Structures are given as C-alpha cells and as structure tokens.
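Data file: upload-v4.txt. Format and content: compact mmCIF, C-alpha atoms.
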# COMPACT_ATOMS: atom_id res chain seq x y z
CA MET A 30 -105.43 -75.22 -64.58
CA LYS A 31 -105.58 -77.39 -67.72
CA ASN A 32 -107.36 -74.56 -69.53
CA GLN A 33 -104.22 -72.42 -69.33
CA ALA A 34 -101.96 -72.62 -72.37
CA CYS A 35 -98.85 -72.95 -70.21
CA TRP A 36 -100.18 -76.01 -68.36
CA LYS A 37 -102.38 -77.91 -70.81
CA ASP A 38 -99.41 -79.82 -72.28
CA LEU A 39 -98.82 -81.63 -68.97
CA ASN A 40 -100.10 -85.12 -68.31
CA ALA A 41 -102.73 -85.50 -65.55
CA GLN A 42 -100.39 -86.89 -62.87
CA SER A 43 -97.87 -84.08 -63.30
CA SER A 44 -100.62 -81.46 -63.20
CA GLN A 45 -101.98 -82.94 -59.97
CA LYS A 46 -98.52 -82.92 -58.39
CA VAL A 47 -98.03 -79.22 -59.24
CA ILE A 48 -101.35 -78.41 -57.56
CA GLU A 49 -100.45 -80.47 -54.47
CA GLU A 50 -97.10 -78.72 -54.05
CA LEU A 51 -98.73 -75.33 -54.54
CA SER A 52 -101.33 -76.18 -51.88
CA ASP A 53 -98.66 -77.35 -49.42
CA ALA A 54 -96.61 -74.19 -49.96
CA PHE A 55 -99.54 -71.86 -49.26
CA GLN A 56 -100.74 -73.92 -46.29
CA SER A 57 -97.28 -73.65 -44.76
CA TRP A 58 -97.34 -69.89 -45.36
CA PHE A 59 -100.79 -69.50 -43.79
CA ASP A 60 -99.65 -71.40 -40.69
CA LEU A 61 -96.52 -69.25 -40.39
CA ARG A 62 -98.52 -66.01 -40.77
CA HIS A 63 -100.19 -66.70 -37.41
CA LYS A 64 -96.80 -66.19 -35.75
CA ASP A 65 -95.02 -63.88 -38.20
CA SER A 66 -97.12 -61.32 -40.10
CA LYS A 67 -94.18 -60.47 -42.39
CA ALA A 68 -93.58 -64.03 -43.57
CA ASN A 69 -92.89 -64.19 -47.31
CA PRO A 70 -95.54 -65.87 -49.48
CA PRO A 71 -94.53 -68.63 -51.92
CA GLY A 72 -93.04 -67.32 -55.15
CA TYR A 73 -95.91 -68.37 -57.42
CA ARG A 74 -97.18 -64.94 -58.49
CA LYS A 75 -97.00 -64.06 -62.16
CA HIS A 76 -95.31 -60.83 -63.28
CA GLY A 77 -97.42 -59.33 -66.06
CA ASP A 78 -97.69 -62.06 -68.68
CA THR A 79 -94.71 -63.96 -67.26
CA ARG A 80 -95.57 -66.90 -65.05
CA PRO A 81 -93.20 -68.51 -62.53
CA ARG A 82 -91.59 -71.78 -63.57
CA SER A 83 -92.94 -74.35 -61.15
CA THR A 84 -91.21 -77.65 -60.50
CA VAL A 85 -92.87 -80.39 -62.56
CA THR A 86 -92.83 -83.99 -61.33
CA PHE A 87 -93.16 -86.92 -63.73
CA LYS A 88 -94.15 -90.16 -62.01
CA GLN A 89 -93.27 -93.63 -63.33
CA ASP A 90 -96.10 -93.68 -65.89
CA GLY A 91 -95.00 -90.27 -67.18
CA PHE A 92 -91.44 -90.98 -68.29
CA LYS A 93 -89.24 -93.61 -69.91
CA HIS A 94 -85.59 -93.78 -68.91
CA ASP A 95 -82.72 -94.84 -71.18
CA PRO A 96 -79.64 -94.92 -68.89
CA GLU A 97 -77.32 -96.36 -71.55
CA ASN A 98 -77.69 -93.27 -73.74
CA ASN A 99 -78.32 -90.77 -70.90
CA ARG A 100 -81.79 -89.93 -72.15
CA VAL A 101 -85.22 -89.65 -70.62
CA ARG A 102 -88.54 -89.24 -72.41
CA LEU A 103 -91.09 -87.07 -70.57
CA SER A 104 -94.75 -87.61 -71.44
CA LYS A 105 -96.95 -84.65 -72.35
CA GLY A 106 -100.74 -84.33 -72.19
CA SER A 107 -103.11 -86.76 -73.85
CA ASN A 108 -104.52 -83.92 -75.92
CA LEU A 109 -101.33 -84.00 -77.98
CA LYS A 110 -101.11 -87.75 -78.49
CA GLU A 111 -102.28 -87.48 -82.10
CA TYR A 112 -99.30 -85.33 -83.05
CA TRP A 113 -95.56 -85.89 -83.20
CA SER A 114 -94.86 -83.73 -80.15
CA ASP A 115 -96.50 -85.99 -77.56
CA PHE A 116 -93.31 -86.15 -75.48
CA LEU A 117 -90.08 -84.34 -74.68
CA LEU A 118 -86.82 -86.21 -75.29
CA CYS A 119 -84.11 -84.93 -72.95
CA GLU A 120 -80.42 -85.73 -72.87
CA TYR A 121 -78.71 -85.29 -69.50
CA GLN A 122 -75.24 -85.33 -68.00
CA THR A 123 -74.63 -86.46 -64.42
CA ARG A 124 -71.76 -85.81 -62.04
CA PRO A 125 -68.71 -88.09 -62.48
CA ASP A 126 -69.59 -89.98 -59.28
CA VAL A 127 -73.17 -90.73 -60.38
CA ASP A 128 -74.12 -93.59 -62.68
CA LEU A 129 -77.87 -94.01 -63.12
CA SER A 130 -77.39 -97.36 -64.86
CA GLU A 131 -76.39 -98.82 -61.48
CA VAL A 132 -79.53 -97.84 -59.54
CA ASN A 133 -82.37 -100.31 -58.98
CA SER A 134 -85.04 -98.02 -60.39
CA VAL A 135 -85.90 -94.37 -60.97
CA GLN A 136 -88.98 -93.51 -58.92
CA ASN A 137 -89.76 -90.16 -60.54
CA VAL A 138 -88.18 -87.32 -62.50
CA ARG A 139 -88.45 -83.67 -61.47
CA ALA A 140 -87.90 -80.76 -63.87
CA VAL A 141 -86.58 -77.87 -61.74
CA TRP A 142 -85.86 -74.31 -62.86
CA ASN A 143 -82.69 -73.11 -61.10
CA GLY A 144 -83.02 -69.49 -62.18
CA ASP A 145 -80.98 -69.83 -65.37
CA GLU A 146 -81.91 -73.19 -66.90
CA TRP A 147 -83.93 -76.34 -66.35
CA GLU A 148 -82.40 -79.21 -64.36
CA LEU A 149 -83.56 -82.82 -64.18
CA HIS A 150 -83.62 -84.35 -60.71
CA PHE A 151 -83.89 -88.16 -60.63
CA VAL A 152 -85.37 -89.71 -57.49
CA CYS A 153 -83.90 -93.21 -57.35
CA LYS A 154 -84.19 -96.33 -55.27
CA VAL A 155 -80.72 -97.47 -54.23
CA GLU A 156 -79.59 -100.32 -51.99
CA LEU A 157 -76.77 -99.17 -49.73
CA GLU A 158 -74.32 -101.44 -47.99
CA THR A 159 -74.23 -100.69 -44.27
CA ASN A 160 -71.19 -101.24 -42.10
CA ASP A 161 -71.06 -103.10 -38.83
CA SER A 162 -71.36 -101.05 -35.65
CA ALA A 163 -68.62 -98.45 -35.36
CA GLY A 164 -68.03 -99.44 -31.73
CA ASP A 165 -69.46 -99.70 -28.23
CA GLY A 166 -69.04 -96.02 -27.38
CA VAL A 167 -71.95 -93.63 -26.84
CA ALA A 168 -72.14 -89.91 -27.64
CA GLY A 169 -74.85 -87.30 -27.09
CA ILE A 170 -75.80 -84.22 -29.11
CA ASP A 171 -77.48 -81.05 -27.90
CA LEU A 172 -78.96 -79.17 -30.87
CA GLY A 173 -79.31 -75.42 -30.62
CA ILE A 174 -79.68 -72.17 -32.52
CA LYS A 175 -76.42 -70.42 -31.56
CA ASN A 176 -74.30 -73.55 -31.23
CA ILE A 177 -75.91 -75.64 -33.97
CA ALA A 178 -74.60 -78.86 -32.40
CA THR A 179 -72.70 -79.66 -29.21
CA VAL A 180 -71.40 -83.22 -29.03
CA ALA A 181 -70.44 -85.10 -25.85
CA PHE A 182 -68.04 -87.82 -26.94
CA PRO A 183 -66.76 -90.34 -24.37
CA ASP A 184 -63.47 -88.43 -24.11
CA GLU A 185 -64.20 -84.87 -25.28
CA TYR A 186 -66.81 -82.18 -25.80
CA VAL A 187 -66.98 -80.40 -29.16
CA LEU A 188 -68.93 -77.26 -30.14
CA TYR A 189 -70.07 -76.54 -33.69
CA PRO A 190 -71.20 -72.87 -33.72
CA GLY A 191 -73.46 -71.51 -36.45
CA ASN A 192 -71.69 -68.17 -36.95
CA SER A 193 -71.22 -68.55 -40.70
CA LEU A 194 -74.83 -69.67 -41.13
CA LYS A 195 -76.01 -66.56 -39.27
CA GLN A 196 -73.84 -64.34 -41.48
CA ASP A 197 -75.25 -65.95 -44.63
CA LYS A 198 -78.83 -65.43 -43.43
CA HIS A 199 -78.13 -61.78 -42.63
CA TYR A 200 -76.52 -61.08 -46.01
CA PHE A 201 -78.92 -62.95 -48.28
CA LYS A 202 -82.07 -61.98 -46.37
CA ARG A 203 -81.07 -58.32 -46.71
CA ALA A 204 -80.42 -58.83 -50.43
CA GLU A 205 -83.84 -60.46 -50.73
CA TYR A 206 -85.77 -57.72 -48.92
CA ASP A 207 -83.89 -54.85 -50.61
CA THR A 208 -84.87 -56.13 -54.06
CA GLU A 209 -88.46 -57.19 -53.30
CA GLY A 210 -90.75 -55.92 -56.06
CA GLU A 211 -94.24 -54.47 -55.74
CA ASN A 212 -95.71 -57.45 -57.60
CA GLY A 213 -93.76 -60.08 -55.72
CA PRO A 214 -90.13 -61.25 -55.57
CA SER A 215 -87.75 -59.86 -58.18
CA GLU A 216 -85.19 -62.01 -60.00
CA LYS A 217 -82.44 -60.91 -57.61
CA SER A 218 -84.71 -61.63 -54.65
CA MET A 219 -85.35 -65.16 -55.91
CA TRP A 220 -81.60 -65.57 -56.54
CA ALA A 221 -80.91 -64.63 -52.91
CA ARG A 222 -83.41 -67.22 -51.67
CA ARG A 223 -81.88 -69.98 -53.80
CA LYS A 224 -78.34 -69.03 -52.83
CA LEU A 225 -79.15 -69.09 -49.13
CA ALA A 226 -80.94 -72.44 -49.44
CA ASP A 227 -77.94 -73.96 -51.26
CA ARG A 228 -75.47 -72.69 -48.65
CA GLU A 229 -77.63 -73.96 -45.78
CA THR A 230 -77.88 -77.40 -47.38
CA HIS A 231 -74.11 -77.56 -47.82
CA PHE A 232 -73.53 -76.43 -44.22
CA TYR A 233 -75.81 -79.11 -42.74
CA HIS A 234 -74.35 -81.86 -44.92
CA VAL A 235 -70.78 -80.94 -43.92
CA LEU A 236 -71.77 -80.63 -40.25
CA THR A 237 -73.46 -84.03 -40.06
CA GLU A 238 -70.70 -85.68 -42.09
CA ILE A 239 -67.96 -84.53 -39.70
CA ILE A 240 -69.98 -85.59 -36.65
CA ILE A 241 -70.55 -89.10 -38.01
CA THR A 242 -66.89 -89.32 -39.07
CA GLU A 243 -65.78 -88.33 -35.56
CA CYS A 244 -68.07 -91.01 -34.13
CA VAL A 245 -66.53 -93.70 -36.36
CA GLU A 246 -62.97 -92.63 -35.55
CA ARG A 247 -63.70 -92.59 -31.79
CA GLY A 248 -65.46 -95.97 -31.78
CA VAL A 249 -68.91 -94.51 -31.09
CA GLY A 250 -71.67 -96.82 -32.28
CA THR A 251 -74.65 -95.04 -30.67
CA LEU A 252 -75.51 -91.35 -30.97
CA ALA A 253 -78.33 -89.82 -28.89
CA VAL A 254 -79.76 -86.65 -30.48
CA SER A 255 -81.83 -84.14 -28.51
CA TRP A 256 -85.37 -83.78 -29.82
CA PRO A 257 -87.45 -80.74 -28.76
CA GLU A 258 -90.97 -82.14 -28.53
CA ASP A 259 -93.68 -79.72 -29.77
CA VAL A 260 -91.31 -76.76 -29.58
CA ARG A 261 -92.84 -75.10 -32.63
CA GLU A 262 -96.31 -75.30 -31.11
CA SER A 263 -95.31 -72.88 -28.33
CA ASP A 264 -95.44 -69.09 -28.58
CA TRP A 265 -91.99 -67.58 -27.95
CA GLY A 266 -92.83 -64.08 -29.13
CA LYS A 267 -92.34 -62.57 -32.58
CA THR A 268 -88.54 -62.83 -32.64
CA GLY A 269 -88.43 -66.22 -30.92
CA ASN A 270 -91.03 -67.74 -33.24
CA LYS A 271 -89.09 -66.60 -36.30
CA LYS A 272 -85.90 -68.23 -35.00
CA LEU A 273 -87.70 -71.46 -34.12
CA HIS A 274 -89.32 -71.65 -37.55
CA THR A 275 -85.89 -71.58 -39.22
CA TRP A 276 -84.29 -73.94 -36.69
CA ALA A 277 -83.44 -77.04 -38.74
CA PHE A 278 -83.22 -79.60 -35.90
CA ASP A 279 -85.37 -82.10 -37.80
CA ARG A 280 -83.25 -81.73 -40.92
CA ILE A 281 -80.03 -82.28 -38.96
CA TYR A 282 -81.50 -85.43 -37.40
CA GLN A 283 -82.49 -86.82 -40.80
CA TYR A 284 -79.01 -86.23 -42.19
CA LEU A 285 -77.38 -87.81 -39.15
CA GLU A 286 -79.71 -90.81 -39.30
CA TYR A 287 -79.05 -91.82 -42.89
CA LYS A 288 -75.32 -91.03 -42.79
CA GLY A 289 -75.00 -92.97 -39.53
CA GLU A 290 -76.88 -95.97 -40.92
CA ILE A 291 -74.39 -96.26 -43.78
CA ARG A 292 -71.35 -96.05 -41.51
CA GLY A 293 -72.48 -98.17 -38.57
CA VAL A 294 -73.63 -95.48 -36.12
CA GLU A 295 -77.11 -95.92 -34.64
CA VAL A 296 -78.75 -92.50 -34.29
CA LEU A 297 -81.47 -92.28 -31.65
CA LYS A 298 -84.02 -89.52 -31.10
CA GLU A 299 -84.30 -88.66 -27.38
CA ASN A 300 -86.58 -86.15 -25.66
CA GLU A 301 -84.49 -83.23 -24.38
CA TRP A 302 -86.91 -82.33 -21.57
CA ASP A 303 -85.01 -80.88 -18.54
CA THR A 304 -81.57 -81.66 -20.02
CA SER A 305 -80.66 -77.97 -20.12
CA LYS A 306 -81.25 -77.36 -16.40
CA THR A 307 -80.22 -80.73 -14.93
CA CYS A 308 -76.66 -81.12 -13.65
CA SER A 309 -74.87 -83.88 -15.55
CA LYS A 310 -72.66 -84.62 -12.51
CA CYS A 311 -75.07 -84.81 -9.56
CA GLY A 312 -78.55 -84.70 -11.12
CA ASP A 313 -79.72 -81.47 -9.44
CA ASP A 314 -82.43 -79.84 -11.61
CA THR A 315 -82.69 -76.39 -10.06
CA LYS A 316 -83.75 -73.98 -12.80
CA ALA A 317 -81.41 -71.25 -11.49
CA ASN A 318 -78.41 -73.45 -12.29
CA ARG A 319 -78.67 -72.18 -15.87
CA VAL A 320 -77.12 -68.84 -14.98
CA GLU A 321 -77.13 -67.48 -18.54
CA ARG A 322 -77.22 -68.79 -22.08
CA GLY A 323 -73.71 -70.23 -22.15
CA LEU A 324 -72.97 -70.82 -18.46
CA TYR A 325 -74.09 -73.59 -16.13
CA VAL A 326 -73.31 -73.45 -12.40
CA CYS A 327 -74.67 -76.22 -10.17
CA SER A 328 -75.76 -74.96 -6.75
CA SER A 329 -75.41 -78.45 -5.25
CA CYS A 330 -72.07 -79.90 -6.40
CA GLY A 331 -70.38 -76.75 -7.71
CA LEU A 332 -70.05 -77.89 -11.35
CA VAL A 333 -69.15 -74.94 -13.58
CA GLY A 334 -69.26 -75.53 -17.29
CA ASN A 335 -70.61 -74.73 -20.71
CA ALA A 336 -74.40 -75.07 -20.63
CA ASP A 337 -74.60 -76.76 -24.04
CA CYS A 338 -71.92 -79.29 -23.04
CA ASN A 339 -73.89 -80.07 -19.89
CA GLY A 340 -77.00 -80.66 -22.02
CA ALA A 341 -75.09 -82.87 -24.46
CA GLU A 342 -73.70 -84.94 -21.57
CA ASN A 343 -77.23 -85.44 -20.25
CA MET A 344 -78.22 -86.73 -23.68
CA ARG A 345 -75.29 -89.17 -23.61
CA GLN A 346 -76.31 -90.39 -20.16
CA LYS A 347 -79.81 -91.21 -21.42
CA ILE A 348 -78.15 -94.18 -23.16
CA THR A 349 -75.32 -94.94 -20.72
CA PRO A 350 -76.26 -93.54 -17.29
CA SER A 351 -73.14 -92.55 -15.37
CA PRO A 352 -73.00 -92.85 -11.58
CA HIS A 353 -73.37 -89.39 -10.07
CA GLY A 354 -69.96 -88.27 -8.95
CA GLU A 355 -68.07 -89.63 -11.95
CA ASP A 356 -65.39 -87.11 -12.87
CA ARG A 357 -66.62 -85.70 -16.19
CA SER A 358 -67.05 -82.23 -14.80
CA ASN A 359 -65.35 -78.85 -14.62
CA GLY A 360 -62.29 -79.41 -16.85
CA CYS A 361 -63.77 -80.80 -20.06
CA VAL A 362 -67.29 -79.37 -19.60
CA ALA A 363 -65.95 -75.85 -19.07
CA GLN A 364 -63.36 -75.94 -21.87
CA PRO A 365 -64.77 -77.77 -24.90
CA SER A 366 -63.12 -77.85 -28.31
CA ALA A 367 -64.70 -75.63 -30.96
CA TYR A 368 -64.87 -76.34 -34.67
CA LEU A 369 -65.83 -73.42 -36.94
CA PHE A 370 -67.09 -73.52 -40.51
CA ASP A 371 -64.49 -72.13 -42.89
CA SER A 372 -66.32 -70.43 -45.76
CA GLU A 373 -63.26 -70.53 -48.02
CA SER A 374 -62.71 -74.29 -47.81
CA GLY A 375 -66.36 -75.18 -47.15
CA CYS A 376 -65.34 -77.43 -44.23
CA PHE A 377 -65.21 -77.39 -40.45
CA ALA A 378 -61.84 -76.90 -38.80
CA PRO A 379 -60.52 -76.21 -35.28
CA ARG A 380 -61.05 -72.60 -34.19
CA GLU A 381 -57.30 -71.87 -34.25
CA GLN A 382 -56.95 -72.88 -37.90
CA VAL A 383 -59.96 -70.86 -39.08
CA VAL A 384 -58.96 -67.72 -37.19
CA SER A 385 -55.39 -67.90 -38.43
What is this structure when it is put down as structure tokens?
Amino acid sequence: MKNQACWKDLNAQSSQKVIEELSDAFQSWFDLRHKDSKANPPGYRKHGDTRPRSTVTFKQDGFKHDPENNRVRLSKGSNLKEYWSDFLLCEYQTRPDVDLSEVNSVQNVRAVWNGDEWELHFVCKVELETNDSAGDGVAGIDLGIKNIATVAFPDEYVLYPGNSLKQDKHYFKRAEYDTEGENGPSEKSMWARRKLADRETHFYHVLTEIIITECVERGVGTLAVSWPEDVRESDWGKTGNKKLHTWAFDRIYQYLEYKGEIRGVEVLKENEWDTSKTCSKCGDDTKANRVERGLYVCSSCGLVGNADCNGAENMRQKITPSPHGEDRSNGCVAQPSAYLFDSESGCFAPREQVVS
C-alpha cells in the first residue's frame, strides 16, 4: 500500500486504519454473500486511473488541534519530514450549535469524501449532564420491519410505521441499480447510496427522539426494548434474509439508549422470545393466536387486537407484570394511535395531519 503514490504520504497509523476498514468492509460483504448472491461489494474499485477516495482516520498522534482558530494540522508520512510539506493545515467551520473548544478532548479526526468535497469529522469525548429519572412509569417497544416501532405506554399504544423508509429504499435502490457501471458503481450510483444512508440516519434519529420525548412527557422512566436474539443467524429465505440484513433494530436500540440516558429514561434490552404469540391479557401462548401479520386473536380469553401492540404490551409486562385479567385489552390494543413520518417537515405527526 505504501508503495502507491496515492497512499505513501499517509502516516503509518492512518494507513493501518484504512486497511482495517477495507478488511471489515469486505468481510461483511463475504458474510452477506452466503445469504444474498446479489449483495453489492464495497465501493473500493478504481475506475481506470481514478481511485476511490477512502475515509482517512488520523489518531491522536497524527493531528494537532487549534480550537481557538478553528484549525487542525494533519500529519503526513515520515518520508516527507525533511520537506516543508510534512503536514496539511486545514481550516474548518462547524455548525452554530457546535463549539469544539468546549469538548474535553478530540479522540481522532476523520477526513471523509462526501461525493463533492472533503469533510472533517471530529470524534470527541464529551461529558453530558444526565437528568433524574423521568418517572416511575414503564413502557415497552416491539421493533419490527413494517411497523418500525410499536410502543405500549401506560395509557396508550402508538404505532410508528416505516412507509416513508420503504419508499426511500425503493427509489434510491432503483436509482443505484439503474446506474451501476460495468467496472463498479457509477457516480450517480454512489450518490444514491449516500442519499439513502443520510435519509435513514435522519429517520432513525427523529423516531428515537420522539419516543424518548413521549416517555418524558408521560412520566415513563423505564423503557423495555424487544431484542431478537440471533435472528440474523437464521435462514429466512432469500427475500427474508435481505430484509433482516437491513433491519436496523440494533441501531434503534443504540439511539434510544444514549438519548434516554441524557433525559432520564432507562432503556433495557429484553429478549422478545414468544412475545408475538403470547396473549398479553391471559398469557395463552397458542401459536395460532397470531392469525395474520397484523391481527392477534386469543383463543382462550377472546382478546382481539393489533399483533404488534400485543407484543409491545408483553415487553412492558416484562418489567411490570400485570395480573392476568387487567383491562388493557380490546379497546386500546385494537385501535392504537399511528404516527407517520412526514417527508416534507422531516418529523413524525399523527396520521390525520400527514394525510391531510
């Protein structure tokens, strides 16, 4: 690698990090190919004499930060130390709400090509003030692919469908495949990948933010999140495996955990085993109770409700077990509230407001 003209200017630590990230990317692709033969390889192929612009990470020994003047000096390879160009001096501008002079320390700096220009990403260590517990209430979340999250609050059930996310995937995936070149991804194909990734990140941040905000406003201090143990190790067929690979349940949990910690909501990871087929009212676990994807009908007590709401209630009861027979059944389980993602505003809103 260091023999290539495009890489030899890097210091040793940065070169090693590029190789590690390249190895991780291809290992992930190899693992996915066992389940999906059409999985896209990492975008590291060169096009003629043009090489892809990989993300370069500078660790603490490889940069010097000057927060007062918004500058950072990035170290180059030792082979250039005898000359004047042994480093790159970069000036940067942050968002109005970001002040790097207030952080404890910058752990590393990443130079990232966004398709049009280079960006500097600063990984910082920050001490956050955490609030006291938001309350004594308990809520449960059932994570899914169609309904991204279904939340059982103490007084209401709320669905957060992933319709807009599905539409984005359909549009940008088609744009990606239609412009795929013979020698690897084209510029438009790479643009489609980046655009989809940005929209997904925004969607999950907005989703988890509104859930934590609802918890705080309702006095919920504990949130039980369904966790599908070893679900990606199972073989669900070609189509099923593709959906499971893109299911971001772990990402949603991570976002909920750190947002909840800041605002006084303890987020717990709970095994979801049998929660989809067990009746939240009487405890009957007959598999046939799950009539179809969105409908749950208990053959023992007669509960009729939304299947995802039933699963979310079972998650809630893992923390605060309710006596069987408590009236949290047909009415609220069968008719939950639904919040849809409004693409124009970039926020979630009640179904009636989005439709209108």
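Nearest to Leu194 (chain A) of all the residues A:Leu369, A:Ala54, A:Leu172, A:Ala140 is A:Leu369, counting all atoms listed in the file.
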Surrounding residues of Tyr233 (chain A) excluding itself and chain neighbours under 2 positions, 9 Å, all atoms listed in the file, as number ranges by chain = A: 228-231, 235-238, 277, 280-281, 284
Non-local contacts of Arg139 (chain A) (9 Å; all atoms listed in the file; under 4 positions in same chain excluded) as a list in words | Thr84, Val85, Thr86, Phe87, Lys88, Glu148, Leu149, His150, Phe151 and Val152 of chain A
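The interatomic distance for the pair CA of Lys310 (chain A) and CA of Ala178 (chain A) works out to 20.8 Å.
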List every residue of region 197-311 of chain A that has an atom at most 9 Å from any atom of region 334-350 of chain A, and for each one report the closest atom pair and its distance in Å to one decimal, counting all atoms listed in the file, with rows sorted by chain and then by increasing residue number, as CSV.
residue,atom,partner,partner_atom,distance
A:Thr251,CA,A:Ile348,CA,8.3
A:Leu252,CA,A:Arg345,CA,7.7
A:Ala253,CA,A:Met344,CA,6.1
A:Val254,CA,A:Met344,CA,7.0
A:Ser255,CA,A:Met344,CA,6.6
A:Glu299,CA,A:Met344,CA,7.4
A:Asn300,CA,A:Met344,CA,8.6
A:Glu301,CA,A:Met344,CA,7.2
A:Asp303,CA,A:Gly340,CA,8.7
A:Thr304,CA,A:Gly340,CA,5.1
A:Ser305,CA,A:Gly340,CA,4.9
A:Lys306,CA,A:Gly340,CA,7.8
A:Thr307,CA,A:Asn343,CA,7.7
A:Cys308,CA,A:Asn339,CA,6.9
A:Ser309,CA,A:Asn343,CA,5.5
A:Lys310,CA,A:Asn339,CA,8.8
Residue among A:Leu332, A:Ile174, A:Val383, A:Val320 lying closest to Asp371 (chain A), counting only C-alpha atoms = A:Val383
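Atom pair CA of Glu49 (chain A) / CA of Glu156 (chain A) has a distance of 28.9 Å (rounded to one decimal).
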Which centre and edge lengths in Å to one decimal define the box along x, y and z that fits every listed atom of region 163-167 of chain A plus 4 Å per side, as AutoDock Vina command-line options?
--center_x -70.0 --center_y -96.7 --center_z -31.1 --size_x 11.9 --size_y 14.1 --size_z 16.5
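Here CA of Asn160 (chain A) and CA of Phe232 (chain A) stand 25.0 Å from one another.
Proximity ranking of A:Asn133, A:Thr242, A:Asn192, A:Ser83 relative to Gly289 (chain A) places A:Thr242 first, based on all atoms listed in the file.
For the set A:Lys224, A:Arg247, A:Lys198, A:Lys217, the residue with the smallest atom-to-atom gap to Pro183 (chain A) is A:Arg247, counting only C-alpha atoms.
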Point (-81.4, -94.1, -72.6), cut-off 10 Å, counting all atoms listed in the file, residues as a ChimeraX atom specification = /A:93-102,118-121,130
Contacts of Gly191 (chain A) within 7 Å, all atoms listed in the file, excl. fewer than 4 positions in-chain, as a PyMOL selection string = chain A and resi 175-177+195
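When all atoms listed in the file are used to compute distances to Leu285 (chain A), the closest of the residues A:Lys298, A:Arg124, A:Arg62, A:Arg203 turns out to be A:Lys298.
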Best match for closeness to Val47 (chain A) among A:Cys330, A:Asp184, A:Arg82, A:Arg223, counting all atoms listed in the file = A:Arg82
Generate the coordinates of N, CA and C atoms for region 160-179 of chain A; report them as a short mmCIF file (atom, residue, chain, number, x, y, z; two decimals), in the frame of the given file.
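The file below, part_10.cif, is the result:
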data_model
loop_
_atom_site.label_atom_id
_atom_site.label_comp_id
_atom_site.auth_asym_id
_atom_site.auth_seq_id
_atom_site.Cartn_x
_atom_site.Cartn_y
_atom_site.Cartn_z
N ASN A 160 -72.30 -100.66 -42.84
CA ASN A 160 -71.19 -101.24 -42.10
C ASN A 160 -71.64 -101.80 -40.77
N ASP A 161 -70.80 -102.63 -40.19
CA ASP A 161 -71.06 -103.10 -38.83
C ASP A 161 -70.95 -101.92 -37.87
N SER A 162 -71.39 -102.13 -36.64
CA SER A 162 -71.36 -101.05 -35.65
C SER A 162 -69.96 -100.47 -35.53
N ALA A 163 -69.91 -99.14 -35.44
CA ALA A 163 -68.62 -98.45 -35.36
C ALA A 163 -67.92 -98.70 -34.04
N GLY A 164 -68.65 -99.18 -33.03
CA GLY A 164 -68.03 -99.44 -31.73
C GLY A 164 -69.06 -99.47 -30.62
N ASP A 165 -68.58 -99.62 -29.40
CA ASP A 165 -69.46 -99.70 -28.23
C ASP A 165 -69.65 -98.35 -27.55
N GLY A 166 -68.95 -97.33 -28.00
CA GLY A 166 -69.04 -96.02 -27.38
C GLY A 166 -70.37 -95.34 -27.62
N VAL A 167 -70.70 -94.38 -26.74
CA VAL A 167 -71.95 -93.63 -26.84
C VAL A 167 -71.64 -92.14 -26.78
N ALA A 168 -72.28 -91.37 -27.64
CA ALA A 168 -72.14 -89.91 -27.64
C ALA A 168 -73.53 -89.28 -27.60
N GLY A 169 -73.58 -88.04 -27.15
CA GLY A 169 -74.85 -87.30 -27.09
C GLY A 169 -74.71 -85.96 -27.79
N ILE A 170 -75.79 -85.51 -28.41
CA ILE A 170 -75.80 -84.22 -29.11
C ILE A 170 -76.88 -83.32 -28.55
N ASP A 171 -76.51 -82.09 -28.25
CA ASP A 171 -77.48 -81.05 -27.90
C ASP A 171 -77.58 -80.11 -29.09
N LEU A 172 -78.75 -80.05 -29.72
CA LEU A 172 -78.96 -79.17 -30.87
C LEU A 172 -79.44 -77.81 -30.40
N GLY A 173 -78.94 -76.76 -31.02
CA GLY A 173 -79.31 -75.42 -30.62
C GLY A 173 -79.33 -74.46 -31.78
N ILE A 174 -79.60 -73.19 -31.49
CA ILE A 174 -79.68 -72.17 -32.52
C ILE A 174 -78.35 -71.43 -32.65
N LYS A 175 -77.71 -71.10 -31.51
CA LYS A 175 -76.42 -70.42 -31.56
C LYS A 175 -75.30 -71.43 -31.83
N ASN A 176 -75.17 -72.41 -30.95
CA ASN A 176 -74.30 -73.55 -31.23
C ASN A 176 -75.18 -74.60 -31.90
N ILE A 177 -75.02 -74.76 -33.21
CA ILE A 177 -75.91 -75.64 -33.97
C ILE A 177 -75.89 -77.05 -33.39
N ALA A 178 -74.72 -77.53 -33.00
CA ALA A 178 -74.60 -78.86 -32.40
C ALA A 178 -73.47 -78.85 -31.38
N THR A 179 -73.73 -79.45 -30.24
CA THR A 179 -72.70 -79.66 -29.21
C THR A 179 -72.67 -81.15 -28.93
#
